Structures are given as structure tokens and as C-alpha cells.
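Dumped entry_27.csv below, it's CSV, C-alpha atoms:
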chain,number,residue,atom,x,y,z
A,1,MET,CA,4.2,12.9,51.7
A,2,LYS,CA,2.5,9.7,50.7
A,3,PHE,CA,0.0,11.6,48.6
A,4,ARG,CA,2.8,13.5,46.8
A,5,SER,CA,4.6,10.3,46.1
A,6,ILE,CA,1.5,8.7,44.5
A,7,SER,CA,0.9,11.9,42.5
A,8,PHE,CA,4.4,12.0,41.2
A,9,LEU,CA,4.3,8.3,40.1
A,10,SER,CA,0.9,8.9,38.4
A,11,SER,CA,2.3,11.9,36.5
A,12,SER,CA,5.3,9.9,35.4
A,13,PHE,CA,3.1,7.0,34.3
A,14,LEU,CA,0.9,9.4,32.2
A,15,LEU,CA,4.0,11.0,30.6
A,16,SER,CA,5.3,7.6,29.6
A,17,LEU,CA,2.0,6.8,27.9
A,18,LEU,CA,1.9,10.1,26.1
A,19,ALA,CA,5.5,10.0,25.0
A,20,PRO,CA,5.8,9.1,21.3
A,21,ALA,CA,6.8,5.6,20.5
A,22,VAL,CA,10.1,5.0,18.8
A,23,LEU,CA,9.6,2.7,15.8
A,24,GLU,CA,12.5,0.5,14.6
A,25,ALA,CA,13.2,0.3,10.9
A,26,VAL,CA,11.6,-2.6,9.2
A,27,ASP,CA,14.2,-5.3,8.5
A,28,TYR,CA,14.1,-6.6,4.9
A,29,GLN,CA,15.8,-9.9,5.5
A,30,GLU,CA,13.9,-10.8,8.7
A,31,GLU,CA,10.5,-9.3,7.9
A,32,ILE,CA,10.0,-8.4,4.2
A,33,ARG,CA,11.8,-11.2,2.3
A,34,PRO,CA,9.8,-13.9,4.0
A,35,ILE,CA,6.6,-12.2,2.9
A,36,LEU,CA,7.8,-11.9,-0.7
A,37,ASN,CA,9.1,-15.5,-0.6
A,38,LYS,CA,5.7,-16.8,0.5
A,39,LYS,CA,3.5,-14.5,-1.6
A,40,CYS,CA,5.5,-13.4,-4.7
A,41,TYR,CA,8.4,-15.7,-5.5
A,42,LYS,CA,6.2,-18.3,-7.2
A,43,CYS,CA,5.8,-16.0,-10.2
A,44,HIS,CA,8.7,-13.5,-9.6
A,45,SER,CA,11.8,-15.6,-9.2
A,46,GLY,CA,14.4,-17.1,-11.4
A,47,PRO,CA,15.5,-16.1,-14.9
A,48,ARG,CA,11.9,-16.5,-16.3
A,49,ALA,CA,10.3,-14.3,-13.7
A,50,LYS,CA,7.0,-12.8,-14.9
A,51,GLY,CA,7.0,-9.2,-16.0
A,52,LYS,CA,10.8,-9.3,-15.9
A,53,LEU,CA,10.5,-8.7,-12.1
A,54,ARG,CA,12.8,-11.0,-10.2
A,55,MET,CA,12.4,-10.6,-6.5
A,56,ASP,CA,14.6,-13.5,-5.3
A,57,SER,CA,17.7,-11.7,-6.4
A,58,GLU,CA,18.5,-8.5,-4.5
A,59,ASN,CA,20.5,-7.2,-7.5
A,60,SER,CA,17.7,-7.8,-9.9
A,61,PHE,CA,15.0,-6.5,-7.5
A,62,ALA,CA,17.1,-3.4,-6.8
A,63,ASP,CA,16.9,-2.5,-10.5
A,64,ARG,CA,13.1,-2.0,-10.1
A,65,ILE,CA,13.3,0.1,-7.0
A,66,GLY,CA,13.3,3.7,-8.1
A,67,GLY,CA,14.7,4.5,-11.6
A,68,ASP,CA,12.8,4.6,-14.9
A,69,ASP,CA,10.7,1.5,-14.5
A,70,PRO,CA,10.0,1.1,-10.8
A,71,VAL,CA,7.7,-1.3,-9.0
A,72,ILE,CA,8.7,0.5,-5.8
A,73,VAL,CA,9.1,4.3,-5.3
A,74,PRO,CA,11.3,4.6,-2.2
A,75,GLY,CA,9.5,6.7,0.5
A,76,ASN,CA,6.1,6.6,-1.3
A,77,PRO,CA,4.0,3.4,-1.1
A,78,ALA,CA,1.0,5.2,-2.6
A,79,GLU,CA,3.0,5.4,-5.9
A,80,SER,CA,4.6,1.9,-5.7
A,81,LEU,CA,3.0,-0.7,-7.9
A,82,LEU,CA,4.0,-3.5,-5.5
A,83,ALA,CA,1.9,-2.0,-2.7
A,84,ILE,CA,-0.9,-0.8,-5.1
A,85,LYS,CA,-1.5,-4.2,-6.8
A,86,ALA,CA,-1.1,-6.2,-3.6
A,87,GLY,CA,-3.8,-4.0,-2.1
A,88,LEU,CA,-6.4,-4.2,-4.9
A,89,PRO,CA,-9.6,-6.1,-4.3
A,90,ARG,CA,-9.4,-9.8,-5.4
A,91,SER,CA,-12.1,-9.1,-8.1
A,92,ASP,CA,-9.7,-6.7,-9.9
A,93,GLY,CA,-7.9,-8.4,-12.8
A,94,GLU,CA,-4.7,-6.5,-12.0
A,95,ALA,CA,-4.6,-7.6,-8.3
A,96,MET,CA,-1.5,-9.5,-7.2
A,97,PRO,CA,-1.4,-12.5,-7.1
A,98,PRO,CA,-3.4,-12.6,-10.4
A,99,PRO,CA,-6.6,-14.7,-10.7
A,100,PRO,CA,-4.9,-17.7,-12.4
A,101,ALA,CA,-2.4,-17.9,-9.6
A,102,ARG,CA,-5.1,-17.6,-7.0
A,103,GLU,CA,-6.9,-20.5,-8.6
A,104,ARG,CA,-3.8,-22.5,-8.1
A,105,GLY,CA,-3.8,-21.7,-4.4
A,106,ALA,CA,-1.7,-18.5,-4.3
A,107,GLU,CA,-2.8,-16.2,-1.4
A,108,PRO,CA,-2.7,-12.4,-1.4
A,109,MET,CA,-0.9,-10.5,1.3
A,110,THR,CA,-2.7,-10.1,4.6
A,111,SER,CA,-3.4,-6.6,5.8
A,112,THR,CA,-0.7,-7.0,8.4
A,113,GLU,CA,1.8,-8.1,5.7
A,114,LEU,CA,0.8,-5.3,3.3
A,115,ASN,CA,1.1,-2.7,6.0
A,116,LEU,CA,4.6,-4.0,6.8
A,117,VAL,CA,5.6,-3.8,3.2
A,118,LYS,CA,4.2,-0.2,3.0
A,119,GLN,CA,6.2,0.8,6.1
A,120,TRP,CA,9.4,-0.7,4.5
A,121,ILE,CA,8.7,1.3,1.3
A,122,SER,CA,8.1,4.5,3.4
A,123,GLU,CA,11.4,4.0,5.1
A,124,GLY,CA,13.2,3.9,1.8
A,125,ALA,CA,13.0,0.2,0.8
A,126,SER,CA,16.5,-0.6,1.9
A,127,PHE,CA,18.0,-4.1,1.9
A,128,GLU,CA,20.4,-3.2,4.7
A,129,LYS,CA,19.7,-4.3,8.2
A,130,GLY,CA,18.6,-1.5,10.5
A,131,ALA,CA,18.7,1.1,7.8
A,132,ALA,CA,17.6,4.5,9.1
A,133,PRO,CA,14.1,5.5,7.9
A,134,THR,CA,14.0,8.2,5.2
A,135,PRO,CA,11.3,10.9,5.0
A,136,ALA,CA,8.3,9.9,2.9
A,137,VAL,CA,8.0,11.7,-0.4
A,138,ALA,CA,5.0,14.1,-0.4
A,139,ASP,CA,2.0,12.9,-2.4
A,140,GLU,CA,1.0,14.9,-5.4
A,141,PRO,CA,-1.5,17.7,-4.7
A,142,ALA,CA,-4.2,15.7,-6.5
A,143,MET,CA,-3.8,12.9,-4.1
A,144,GLU,CA,-4.1,15.2,-1.1
A,145,GLU,CA,-7.4,16.7,-2.2
A,146,LYS,CA,-10.6,15.0,-0.8
A,147,VAL,CA,-12.8,15.8,-3.8
A,148,HIS,CA,-11.7,14.4,-7.1
A,149,GLN,CA,-13.0,14.6,-10.6
A,150,TRP,CA,-14.1,11.2,-11.9
A,151,THR,CA,-14.6,10.4,-15.6
A,152,ASN,CA,-16.4,7.4,-17.0
A,153,VAL,CA,-15.7,5.7,-20.4
A,154,GLU,CA,-18.3,7.9,-22.0
A,155,GLY,CA,-16.4,11.0,-21.0
A,156,LYS,CA,-18.9,12.2,-18.4
A,157,THR,CA,-17.4,13.7,-15.3
A,158,LEU,CA,-18.5,13.8,-11.6
A,159,GLU,CA,-16.9,15.4,-8.6
A,160,ALA,CA,-16.9,13.3,-5.5
A,161,GLU,CA,-14.8,12.0,-2.6
A,162,PHE,CA,-13.3,8.5,-2.6
A,163,ALA,CA,-15.1,6.5,0.1
A,164,GLY,CA,-13.6,3.0,-0.5
A,165,THR,CA,-14.4,0.0,-2.5
A,166,GLU,CA,-17.1,-2.7,-2.4
A,167,GLY,CA,-16.7,-5.7,-4.7
A,168,THR,CA,-16.1,-4.3,-8.2
A,169,ASN,CA,-17.6,-0.9,-7.2
A,170,VAL,CA,-15.8,2.3,-6.3
A,171,LEU,CA,-17.7,4.1,-3.5
A,172,LEU,CA,-18.1,7.8,-4.3
A,173,LYS,CA,-19.3,10.4,-1.7
A,174,LEU,CA,-21.2,13.3,-3.2
A,175,ALA,CA,-21.4,16.9,-2.1
A,176,ASP,CA,-24.8,16.2,-0.4
A,177,GLY,CA,-23.2,13.5,1.8
A,178,SER,CA,-24.7,10.5,0.0
A,179,THR,CA,-22.5,7.7,-1.2
A,180,ILE,CA,-23.0,5.9,-4.4
A,181,PRO,CA,-21.4,2.7,-5.8
A,182,TYR,CA,-19.9,3.0,-9.3
A,183,ASP,CA,-18.7,0.1,-11.4
A,184,TYR,CA,-14.9,0.3,-11.5
A,185,HIS,CA,-14.8,-1.1,-15.1
A,186,LYS,CA,-17.0,1.8,-16.3
A,187,LEU,CA,-14.4,4.4,-15.2
A,188,SER,CA,-11.9,5.9,-17.6
A,189,PRO,CA,-8.4,4.5,-17.4
A,190,GLU,CA,-7.2,7.6,-15.6
A,191,SER,CA,-10.0,7.4,-13.0
A,192,GLN,CA,-9.3,3.7,-12.6
A,193,GLU,CA,-5.6,4.5,-11.8
A,194,LEU,CA,-6.8,7.2,-9.3
A,195,ALA,CA,-9.1,4.7,-7.6
A,196,LYS,CA,-6.2,2.2,-7.3
A,197,LYS,CA,-3.9,4.7,-5.7
A,198,LEU,CA,-6.5,6.0,-3.3
A,199,HIS,CA,-7.5,2.4,-2.3
A,200,ALA,CA,-3.9,1.5,-1.7
A,201,ALA,CA,-3.3,4.6,0.4
A,202,THR,CA,-6.2,3.6,2.7
A,203,GLN,CA,-5.0,0.1,3.4

Re-express the file's structure as C-alpha cells.
Amino acid sequence: MKFRSISFLSSSFLLSLLAPAVLEAVDYQEEIRPILNKKCYKCHSGPRAKGKLRMDSENSFADRIGGDDPVIVPGNPAESLLAIKAGLPRSDGEAMPPPPARERGAEPMTSTELNLVKQWISEGASFEKGAAPTPAVADEPAMEEKVHQWTNVEGKTLEAEFAGTEGTNVLLKLADGSTIPYDYHKLSPESQELAKKLHAATQ
């Protein structure tokens, strides 16, 4: 009887460990707004907000979530400029905050903050407290492929997997398994955009 009791408790304990965790929706007011306040409001608040992107006003910010000129694509952080630019290497001129702001002491989002923002976007980027998560929008087929075609500024192409970034280099994994660094600035604009999206998706 004693052995059976221990066995039952052990089984219950294992089942509790294996049961999927229930994640609560990210709360904009409690979790996301403080991040934006600390890392984005310096440039993106008030009537003279840079890039006409005002984040301190929910009404103004909402105009750039979805629609024709979005900085956030609800359900898809890999296509959202906010997540993409916040996740770029500091050496990238398009990273947020930009180099001039960093020189004045502005700090980029930490990996924890960026992941939280991405989760909020994946859940639909809602301002409402406790909003139910929405299904993520499926990535385009090109983003799902492991092997991509890369083009440099001279028009030459190369097929390789994206293996990350290192400084100003994009790491490309060739068919033979070797990995080579390639200068980001020598890639074509299309390949630069692809590198940004793939980099953001891995953060």
C-alpha cells in the first residue's frame, strides 16, 4: 500500500511537470508601456515625435499598429519594424535607439524586454488589460525556408542559410557546412532586409 501511494504521487508529480504551462497575456500598461517609456519616449513622444511615430499617446500609437504604414504588424513580430529595429546589432545604422541617441546615453532594449515586446505583438498588440492572445500570422514561405538566396551590391548571388550576426557581418552557412562572415553593408538592399528579419526572428 505504501509503495502504491508513493508511485501514485510520483506519477502525479511527473504529469504536473509535463502539463503545458498556461501563459497569461502580456499587459500593455503594466509591462510594455514602462519599456517604451524608458527606451523609446525620448524620441517618440509629443507633437514633434521623430518619424511621426508618437508612442506616448495610445490613439497616435494605434494608428501605426496594422494599417498602411505600420510599425507593428499584430500577430507577427518578425514583420514588425519596432521589433526588427530594436533587435538589430548596435553597429547597424538603423538600430533603435539610433547611434546619436546612444551617444547621449540612450540604451537599447535588453533581450528580456525585447522578448516581452515580441510576445505582446504575437498576442495581437492590444492596449486592453488581459486581452486574449490572437493566433500569430504565419510567416511568408521565404522566411520559413532554411536556405536563402543572398545577393550582393554587385548582383552576384549565393545560396546559404542564415547563421546569425557578428559585428557588422552576417554569418552564412554554406551547403558544405562551413560558415562564412559577409559584410552586411555589401549586401543588396533586399538581402539586408532579409538579414534584418531573420536576425529579429532569432532574438

Find the smallest box with edges along x, y and z containing every listed atom of stretch 68-80 of chain A, then add 8 Å on each side and report centre and edge lengths in Å to one decimal, as AutoDock Vina command-line options.
--center_x 6.9 --center_y 2.7 --center_z -7.2 --size_x 27.8 --size_y 24.0 --size_z 31.4

* To do: Skip A:Val71 itself and residues of its chain fewer than 4 positions away, then list as a list in words all residues within 8 Å of it, counting only C-alpha atoms.
  =>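 Neighbouring residues, sequence-local ones excluded: Arg64, Ile65, Gly66, Ser80, Leu81 and Leu82 of chain A.
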
* Counting only C-alpha atoms, what is within 6 Å of stretch 182-192 of chain A, bar same-chain residues fewer than 5 positions away, as a list of chain:residue names? -> A:Trp150, A:Thr151, A:Asn152, A:Val153, A:Thr168, A:Asn169, A:Val170

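Using only C-alpha atoms, the shortest contact distance between A:Gln119 and any of A:Gly87, A:Pro98, A:Gly105, A:Pro77 is found at A:Pro77.
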
Which residues come within 12 Å of A:Thr202, counting all atoms listed in the file, excluding same-chain residues fewer than 3 positions away, as a short mmCIF file (atom, residue, chain, number, x, y, z; two decimals) with C-alpha atoms, in the frame of the given file?
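For reference, result.cif as written:
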data_model
loop_
_atom_site.label_atom_id
_atom_site.label_comp_id
_atom_site.auth_asym_id
_atom_site.auth_seq_id
_atom_site.Cartn_x
_atom_site.Cartn_y
_atom_site.Cartn_z
CA PRO A 77 4.00 3.40 -1.10
CA ALA A 78 1.00 5.20 -2.60
CA ALA A 83 1.90 -2.00 -2.70
CA ILE A 84 -0.90 -0.80 -5.10
CA GLY A 87 -3.80 -4.00 -2.10
CA LEU A 88 -6.40 -4.20 -4.90
CA SER A 111 -3.40 -6.60 5.80
CA LEU A 114 0.80 -5.30 3.30
CA ASN A 115 1.10 -2.70 6.00
CA LYS A 118 4.20 -0.20 3.00
CA MET A 143 -3.80 12.90 -4.10
CA PHE A 162 -13.30 8.50 -2.60
CA ALA A 163 -15.10 6.50 0.10
CA GLY A 164 -13.60 3.00 -0.50
CA THR A 165 -14.40 0.00 -2.50
CA ALA A 195 -9.10 4.70 -7.60
CA LYS A 196 -6.20 2.20 -7.30
CA LYS A 197 -3.90 4.70 -5.70
CA LEU A 198 -6.50 6.00 -3.30
CA HIS A 199 -7.50 2.40 -2.30
#

* With all atoms listed in the file as the atoms that count, which of A:Ala25, A:Arg90, A:Pro70, A:Ala106 lies nearest to A:Gly51? -> A:Pro70

For A:Tyr41, find every residue with an atom within 12 Å (counting all atoms listed in the file), except residues of its own chain fewer than 2 positions away, and show them as a PDB file with C-alpha atoms, in the coordinates of the input.
ATOM      1  CA  ARG A  33      11.800 -11.200   2.300  1.00  0.00           C
ATOM      2  CA  PRO A  34       9.800 -13.900   4.000  1.00  0.00           C
ATOM      3  CA  ILE A  35       6.600 -12.200   2.900  1.00  0.00           C
ATOM      4  CA  LEU A  36       7.800 -11.900  -0.700  1.00  0.00           C
ATOM      5  CA  ASN A  37       9.100 -15.500  -0.600  1.00  0.00           C
ATOM      6  CA  LYS A  38       5.700 -16.800   0.500  1.00  0.00           C
ATOM      7  CA  LYS A  39       3.500 -14.500  -1.600  1.00  0.00           C
ATOM      8  CA  CYS A  43       5.800 -16.000 -10.200  1.00  0.00           C
ATOM      9  CA  HIS A  44       8.700 -13.500  -9.600  1.00  0.00           C
ATOM     10  CA  SER A  45      11.800 -15.600  -9.200  1.00  0.00           C
ATOM     11  CA  GLY A  46      14.400 -17.100 -11.400  1.00  0.00           C
ATOM     12  CA  PRO A  47      15.500 -16.100 -14.900  1.00  0.00           C
ATOM     13  CA  ARG A  48      11.900 -16.500 -16.300  1.00  0.00           C
ATOM     14  CA  ALA A  49      10.300 -14.300 -13.700  1.00  0.00           C
ATOM     15  CA  LYS A  50       7.000 -12.800 -14.900  1.00  0.00           C
ATOM     16  CA  LEU A  53      10.500  -8.700 -12.100  1.00  0.00           C
ATOM     17  CA  ARG A  54      12.800 -11.000 -10.200  1.00  0.00           C
ATOM     18  CA  MET A  55      12.400 -10.600  -6.500  1.00  0.00           C
ATOM     19  CA  ASP A  56      14.600 -13.500  -5.300  1.00  0.00           C
ATOM     20  CA  SER A  57      17.700 -11.700  -6.400  1.00  0.00           C
ATOM     21  CA  PHE A  61      15.000  -6.500  -7.500  1.00  0.00           C
ATOM     22  CA  MET A  96      -1.500  -9.500  -7.200  1.00  0.00           C
ATOM     23  CA  PRO A  97      -1.400 -12.500  -7.100  1.00  0.00           C
ATOM     24  CA  ALA A 101      -2.400 -17.900  -9.600  1.00  0.00           C
ATOM     25  CA  ALA A 106      -1.700 -18.500  -4.300  1.00  0.00           C
ATOM     26  CA  GLU A 107      -2.800 -16.200  -1.400  1.00  0.00           C
TER      27      GLU A 107
END

* Hey, can you check how far atom CA of A:Leu174 sits from atom CA of A:Ala160? ->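 One can read the atom CA of A:Leu174 to atom CA of A:Ala160 distance as 4.9 Å.
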
* Asked: In Å, with one decimal, what is the gap from atom CA of A:Glu161 to atom CA of A:Pro181?
  ->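 Computing it gives 11.8 Å between the two atoms.
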
* Of the listed residues A:Val147, A:Asp92, A:Lys156, A:Glu193, that which approaches A:Leu172 most closely, counting only C-alpha atoms -> A:Val147

* Any idea what the distance is between atom CA of A:Ala95 and atom CA of A:Ile72? ->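 Rounded to one decimal, the two atoms are 15.8 Å apart.
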
* Asked: From the list A:Gly177, A:Gly167, A:Pro89, A:Gly124, which residue is nearest A:Thr110 when using all atoms listed in the file?
  ->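 Going through A:Gly177, A:Gly167, A:Pro89, A:Gly124 one by one, the smallest distance to A:Thr110 is for A:Pro89.
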
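Nearest residue to A:Asp27, choosing from A:Val117, A:Ala201, A:Ile180, A:Leu158 and counting all atoms listed in the file: A:Val117.
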